[in-house]
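One structure is given below, encoded as structure tokens.
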Amino acid sequence: DDDTIIEDLMDRNVIFATTTDDQETVSEMFSDYDLMALPVVDTEGRLVGIVTVDDVLDVMEQETTEDFEIMAGILPSDKPYSRTGPFDMWKNRIPWLMFLMLSATFTSMILTTFEDMLAVQAGLVAFIPMLMGTGGNSGAQSSTAVIRSLSLGDTEPKDVLRVMWKEWRVALLCGVTLAVVNFGKMLLLDGFILHNDSVTVLVAATVSLSIVFIVMFAKVVGSTLPILAEKIGVDPAVMANPLISTVTDAVSLLIYIYVAKLILHI
């Protein structure tokens, strides 16, 4: 009607962003509400601009690339790969490589500490890379899934107990499955076909039981560290594959050694 006033037509429940909002937060709002455009207001609620969906697509691409780089142990760069020189790549990659190399010293210290014990059962040493790799891969699976869930807003820091419970159950299923397959493989392939005398039933049981505990530890830690990072305001992508692998490598070795002491009495 010609006499209708604007107050009767306007929508009071307006979704908007402020000038101080993080661009990643705004992009999540577009995804959550299926928006094509979003008004931007200042601290006093006055309209100062608008963000459209094509702007958000650029931001999402930028943020996703940054997360992938951090998860791979690379400092984020504002240039695409084809326009980044070798020196800039070196600067972006060497800090994490240096940190991870030095942190691996803990694994060496553990091996040195239990060197005499491992010498009694030298056959145990051959399975250390497999156990450490399984732990790292297990942790990376969980951390990647949780990091992605956090970025999509599907998981929040308050869900940490729910996530831990879910990952513990997944870890138990994965660990038992891997342990059963490994136990049969060690007895059949290593012991019977390859005639490796050091592979006995007890040794196979030691390695297989270690797998269960290692996978359980790796998956729980891999799922909780990104959530804790989000809680304290750190990018969860930092707690991805490189860091998780470093932590699980050292702990996997300790688990293996103490399971061996329990079963083999060495």
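Ordering of the structure tokens sets the chain letters (A, B, ...); residue numbers start at 1 within each chain; ligands are numbered from 1 in the order shown.
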Note to self: Give me, as an NGL selection string, all polymer residues having an atom no more than 12 Å from Thr177 (chain A), counting only C-alpha atoms and skipping those fewer than 3 positions away in the same chain.
What the structure shows: :A and (170-174 or 180-184 or 208-209 or 211-212 or 215)
Write out the residues from the selection above, keeping N, CA, C and O atoms, as a short mmCIF file (atom, residue, chain, number, x, y, z; two decimals), in the first residue's frame.
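Written output follows (out-v3.cif):
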data_model
loop_
_atom_site.label_atom_id
_atom_site.label_comp_id
_atom_site.auth_asym_id
_atom_site.auth_seq_id
_atom_site.Cartn_x
_atom_site.Cartn_y
_atom_site.Cartn_z
N VAL A 170 37.00 -45.81 17.88
CA VAL A 170 37.57 -46.05 16.55
C VAL A 170 38.97 -46.65 16.68
O VAL A 170 39.33 -47.59 15.96
N ALA A 171 39.76 -46.11 17.62
CA ALA A 171 41.12 -46.59 17.82
C ALA A 171 41.12 -48.05 18.26
O ALA A 171 41.98 -48.84 17.83
N LEU A 172 40.19 -48.41 19.13
CA LEU A 172 40.13 -49.80 19.60
C LEU A 172 39.84 -50.74 18.43
O LEU A 172 40.48 -51.79 18.29
N LEU A 173 38.88 -50.37 17.60
CA LEU A 173 38.54 -51.21 16.45
C LEU A 173 39.72 -51.30 15.46
O LEU A 173 40.06 -52.40 14.99
N CYS A 174 40.32 -50.15 15.17
CA CYS A 174 41.46 -50.14 14.24
C CYS A 174 42.64 -50.90 14.82
O CYS A 174 43.30 -51.69 14.12
N VAL A 180 45.54 -58.17 14.87
CA VAL A 180 45.23 -59.53 14.40
C VAL A 180 45.93 -59.82 13.08
O VAL A 180 46.55 -60.88 12.89
N VAL A 181 45.86 -58.86 12.16
CA VAL A 181 46.51 -59.04 10.85
C VAL A 181 48.02 -59.14 11.03
O VAL A 181 48.68 -60.00 10.41
N ASN A 182 48.58 -58.30 11.88
CA ASN A 182 50.03 -58.31 12.08
C ASN A 182 50.48 -59.61 12.75
O ASN A 182 51.54 -60.16 12.39
N PHE A 183 49.70 -60.11 13.70
CA PHE A 183 50.07 -61.35 14.39
C PHE A 183 50.16 -62.51 13.38
O PHE A 183 51.12 -63.28 13.38
N GLY A 184 49.15 -62.60 12.51
CA GLY A 184 49.18 -63.66 11.50
C GLY A 184 50.30 -63.46 10.51
O GLY A 184 50.97 -64.42 10.09
N SER A 208 52.08 -57.06 18.35
CA SER A 208 50.65 -56.87 18.06
C SER A 208 49.94 -56.13 19.19
O SER A 208 49.10 -55.25 18.94
N LEU A 209 50.25 -56.49 20.44
CA LEU A 209 49.64 -55.78 21.57
C LEU A 209 50.09 -54.33 21.61
O LEU A 209 49.31 -53.43 21.94
N ILE A 211 50.75 -52.52 19.07
CA ILE A 211 49.98 -51.81 18.04
C ILE A 211 48.66 -51.29 18.60
O ILE A 211 48.26 -50.15 18.34
N VAL A 212 47.98 -52.12 19.38
CA VAL A 212 46.69 -51.72 19.94
C VAL A 212 46.85 -50.47 20.80
O VAL A 212 46.12 -49.48 20.64
N VAL A 215 47.99 -47.28 18.66
CA VAL A 215 46.90 -46.69 17.87
C VAL A 215 45.92 -45.95 18.79
O VAL A 215 45.45 -44.86 18.46
#
Margin query: From a backbone DSSP assignment, name each residue in region 45-142 of chain A labelled strand (DSSP E or B), as a PyMOL selection string.
Written below: chain A and resi 47-52
Would you write out those residues with N, CA, C and O atoms, as a JSON list (two decimals), in the first residue's frame?
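Done, and the output landed in selection.json:
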[["chain", "number", "residue", "atom", "x", "y", "z"],
["A", 47, "LEU", "N", 25.72, 0.85, 8.80],
["A", 47, "LEU", "CA", 26.13, 0.13, 7.60],
["A", 47, "LEU", "C", 27.30, 0.85, 6.94],
["A", 47, "LEU", "O", 27.22, 2.04, 6.63],
["A", 48, "VAL", "N", 28.38, 0.11, 6.70],
["A", 48, "VAL", "CA", 29.56, 0.71, 6.07],
["A", 48, "VAL", "C", 29.95, -0.02, 4.79],
["A", 48, "VAL", "O", 30.83, 0.44, 4.06],
["A", 49, "GLY", "N", 29.34, -1.18, 4.52],
["A", 49, "GLY", "CA", 29.71, -1.90, 3.31],
["A", 49, "GLY", "C", 28.98, -3.22, 3.20],
["A", 49, "GLY", "O", 28.07, -3.52, 3.98],
["A", 50, "ILE", "N", 29.41, -4.03, 2.23],
["A", 50, "ILE", "CA", 28.78, -5.31, 1.99],
["A", 50, "ILE", "C", 29.84, -6.30, 1.50],
["A", 50, "ILE", "O", 30.80, -5.92, 0.83],
["A", 51, "VAL", "N", 29.67, -7.55, 1.87],
["A", 51, "VAL", "CA", 30.53, -8.64, 1.40],
["A", 51, "VAL", "C", 29.69, -9.56, 0.55],
["A", 51, "VAL", "O", 28.60, -9.97, 0.97],
["A", 52, "THR", "N", 30.16, -9.89, -0.63],
["A", 52, "THR", "CA", 29.42, -10.77, -1.53],
["A", 52, "THR", "C", 30.06, -12.15, -1.57],
["A", 52, "THR", "O", 31.19, -12.34, -1.13]]
Next item on the list: Excluding region 94-104 of chain A and any residue of its chain fewer than 5 positions from it, enumerate the residues within 8 Å of it, using only C-alpha atoms, and give them as a list in words.
Entry: Gly73, Ile74, Leu75, Pro242, Leu243, Thr246 and Ala250 of chain A
Kindly export the residues of the current selection with all heavy atoms, as a CSV table (one decimal), in the first residue's frame.
chain,number,residue,atom,x,y,z
A,73,GLY,N,53.6,-28.6,7.6
A,73,GLY,CA,54.8,-28.1,8.2
A,73,GLY,C,55.5,-27.0,7.4
A,73,GLY,O,56.7,-27.0,7.4
A,74,ILE,N,54.7,-26.2,6.8
A,74,ILE,CA,55.2,-25.1,6.0
A,74,ILE,C,54.6,-23.8,6.5
A,74,ILE,O,53.4,-23.7,6.7
A,74,ILE,CB,54.9,-25.3,4.5
A,74,ILE,CG1,55.4,-26.6,3.9
A,74,ILE,CG2,55.4,-24.1,3.6
A,74,ILE,CD1,55.0,-26.9,2.5
A,75,LEU,N,55.4,-22.8,6.6
A,75,LEU,CA,54.9,-21.5,7.0
A,75,LEU,C,54.1,-20.9,5.9
A,75,LEU,O,54.5,-21.0,4.7
A,75,LEU,CB,56.0,-20.5,7.4
A,75,LEU,CG,56.9,-20.9,8.6
A,75,LEU,CD1,58.0,-19.8,8.8
A,75,LEU,CD2,56.0,-21.0,9.9
A,242,PRO,N,53.0,-33.3,11.1
A,242,PRO,CA,54.4,-33.3,11.6
A,242,PRO,C,54.5,-33.4,13.1
A,242,PRO,O,55.3,-34.2,13.6
A,242,PRO,CB,54.9,-32.0,11.0
A,242,PRO,CG,54.0,-31.7,9.9
A,242,PRO,CD,52.6,-32.2,10.2
A,243,LEU,N,53.7,-32.5,13.8
A,243,LEU,CA,53.8,-32.5,15.2
A,243,LEU,C,53.3,-33.8,15.9
A,243,LEU,O,53.9,-34.3,16.8
A,243,LEU,CB,53.1,-31.3,15.8
A,243,LEU,CG,53.3,-31.0,17.3
A,243,LEU,CD1,54.8,-30.8,17.6
A,243,LEU,CD2,52.6,-29.7,17.7
A,246,THR,N,55.7,-36.6,15.6
A,246,THR,CA,56.9,-36.5,16.5
A,246,THR,C,56.5,-36.9,17.9
A,246,THR,O,57.3,-37.7,18.5
A,246,THR,CB,57.3,-35.0,16.5
A,246,THR,OG1,57.7,-34.6,15.2
A,246,THR,CG2,58.5,-34.8,17.4
A,250,ALA,N,57.9,-40.9,19.8
A,250,ALA,CA,58.5,-41.1,21.1
A,250,ALA,C,57.7,-42.0,22.0
A,250,ALA,O,58.2,-43.0,22.6
A,250,ALA,CB,58.8,-39.8,21.7
Checklist line | Residue contacts of Val146 (chain A) (9 Å, only C-alpha atoms) excluding same-chain residues fewer than 2 positions away, as a list in words | finding: Gln141, Ser142, Ser143, Thr144, Arg148, Ser149, Leu150, Ser151, Thr155, Val163, Gly222, Ser223, Thr224, Pro226, Ile227 and Pro236 of chain A
Could the residues in this selection be saved with all heavy atoms as a CSV table (one decimal), in the first residue's frame?
chain,number,residue,atom,x,y,z
A,141,GLN,N,45.5,-39.3,10.9
A,141,GLN,CA,44.1,-39.5,10.5
A,141,GLN,C,43.1,-38.7,11.4
A,141,GLN,O,42.2,-38.0,10.9
A,141,GLN,CB,43.7,-41.0,10.5
A,141,GLN,CG,44.3,-41.8,9.3
A,141,GLN,CD,43.8,-43.2,9.4
A,141,GLN,OE1,43.5,-43.7,10.5
A,141,GLN,NE2,43.8,-43.9,8.3
A,142,SER,N,43.3,-38.9,12.7
A,142,SER,CA,42.4,-38.2,13.6
A,142,SER,C,42.5,-36.7,13.6
A,142,SER,O,41.5,-36.0,13.6
A,142,SER,CB,42.6,-38.8,15.0
A,142,SER,OG,42.4,-40.2,15.1
A,143,SER,N,43.8,-36.3,13.6
A,143,SER,CA,44.0,-34.8,13.7
A,143,SER,C,43.4,-34.1,12.4
A,143,SER,O,42.8,-33.1,12.5
A,143,SER,CB,45.5,-34.5,13.8
A,143,SER,OG,46.2,-34.9,12.7
A,144,THR,N,43.6,-34.8,11.2
A,144,THR,CA,43.1,-34.2,10.0
A,144,THR,C,41.6,-34.1,10.0
A,144,THR,O,41.0,-33.1,9.7
A,144,THR,CB,43.5,-35.0,8.8
A,144,THR,OG1,45.0,-35.1,8.7
A,144,THR,CG2,43.0,-34.4,7.5
A,148,ARG,N,39.5,-30.5,10.2
A,148,ARG,CA,38.5,-30.1,9.2
A,148,ARG,C,37.2,-29.8,9.9
A,148,ARG,O,36.5,-28.9,9.5
A,148,ARG,CB,38.4,-31.2,8.2
A,148,ARG,CG,37.5,-30.9,7.0
A,148,ARG,CD,38.0,-29.7,6.3
A,148,ARG,NE,37.1,-29.4,5.1
A,148,ARG,CZ,37.1,-28.2,4.6
A,148,ARG,NH1,37.8,-27.2,5.0
A,148,ARG,NH2,36.3,-28.0,3.5
A,149,SER,N,36.8,-30.7,10.8
A,149,SER,CA,35.6,-30.5,11.5
A,149,SER,C,35.5,-29.1,12.3
A,149,SER,O,34.5,-28.5,12.3
A,149,SER,CB,35.3,-31.6,12.5
A,149,SER,OG,34.1,-31.5,13.2
A,150,LEU,N,36.6,-28.8,12.9
A,150,LEU,CA,36.7,-27.5,13.6
A,150,LEU,C,36.6,-26.3,12.6
A,150,LEU,O,35.9,-25.3,12.8
A,150,LEU,CB,38.1,-27.3,14.3
A,150,LEU,CG,38.2,-28.2,15.6
A,150,LEU,CD1,39.7,-28.2,16.0
A,150,LEU,CD2,37.3,-27.6,16.7
A,151,SER,N,37.2,-26.4,11.4
A,151,SER,CA,37.2,-25.4,10.4
A,151,SER,C,35.8,-25.2,9.8
A,151,SER,O,35.4,-24.1,9.5
A,151,SER,CB,38.2,-25.6,9.3
A,151,SER,OG,37.8,-26.8,8.5
A,155,THR,N,32.6,-29.0,14.9
A,155,THR,CA,33.1,-29.4,16.3
A,155,THR,C,33.6,-28.1,17.0
A,155,THR,O,34.2,-27.2,16.3
A,155,THR,CB,34.2,-30.4,16.1
A,155,THR,OG1,33.7,-31.6,15.5
A,155,THR,CG2,34.8,-30.8,17.5
A,163,VAL,N,34.5,-36.1,21.4
A,163,VAL,CA,35.5,-36.5,20.3
A,163,VAL,C,36.4,-37.6,20.9
A,163,VAL,O,36.7,-38.5,20.1
A,163,VAL,CB,36.2,-35.2,19.9
A,163,VAL,CG1,37.4,-35.6,19.0
A,163,VAL,CG2,35.3,-34.2,19.2
A,222,GLY,N,45.8,-37.3,18.7
A,222,GLY,CA,45.7,-36.6,17.5
A,222,GLY,C,44.3,-35.9,17.4
A,222,GLY,O,44.2,-34.9,16.6
A,223,SER,N,43.4,-36.3,18.1
A,223,SER,CA,42.0,-35.7,18.1
A,223,SER,C,41.9,-34.6,19.1
A,223,SER,O,41.1,-33.6,18.9
A,223,SER,CB,40.9,-36.7,18.3
A,223,SER,OG,41.0,-37.3,19.5
A,224,THR,N,42.6,-34.7,20.2
A,224,THR,CA,42.5,-33.7,21.3
A,224,THR,C,43.4,-32.5,21.1
A,224,THR,O,43.0,-31.3,21.5
A,224,THR,CB,42.7,-34.3,22.6
A,224,THR,OG1,44.0,-35.0,22.6
A,224,THR,CG2,41.7,-35.3,23.0
A,226,PRO,N,44.4,-30.7,18.4
A,226,PRO,CA,43.8,-29.6,17.7
A,226,PRO,C,42.7,-28.8,18.4
A,226,PRO,O,42.6,-27.6,18.3
A,226,PRO,CB,43.2,-30.3,16.4
A,226,PRO,CG,44.0,-31.5,16.3
A,226,PRO,CD,44.3,-31.9,17.7
A,227,ILE,N,41.9,-29.6,19.2
A,227,ILE,CA,40.8,-28.9,20.0
A,227,ILE,C,41.4,-28.0,21.1
A,227,ILE,O,40.9,-26.9,21.3
A,227,ILE,CB,39.9,-30.0,20.6
A,227,ILE,CG1,39.2,-30.8,19.5
A,227,ILE,CG2,38.9,-29.3,21.5
A,227,ILE,CD1,38.3,-31.9,20.0
A,236,PRO,N,44.4,-24.6,14.8
A,236,PRO,CA,44.5,-26.1,15.0
A,236,PRO,C,45.3,-26.8,14.0
A,236,PRO,O,45.8,-27.9,14.3
A,236,PRO,CB,43.0,-26.5,14.9
A,236,PRO,CG,42.2,-25.2,15.2
A,236,PRO,CD,43.0,-24.1,14.7
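Pairwise distance (CA of Asn13 (chain A), CA of Ser27 (chain A)) equals 19.3 Å.
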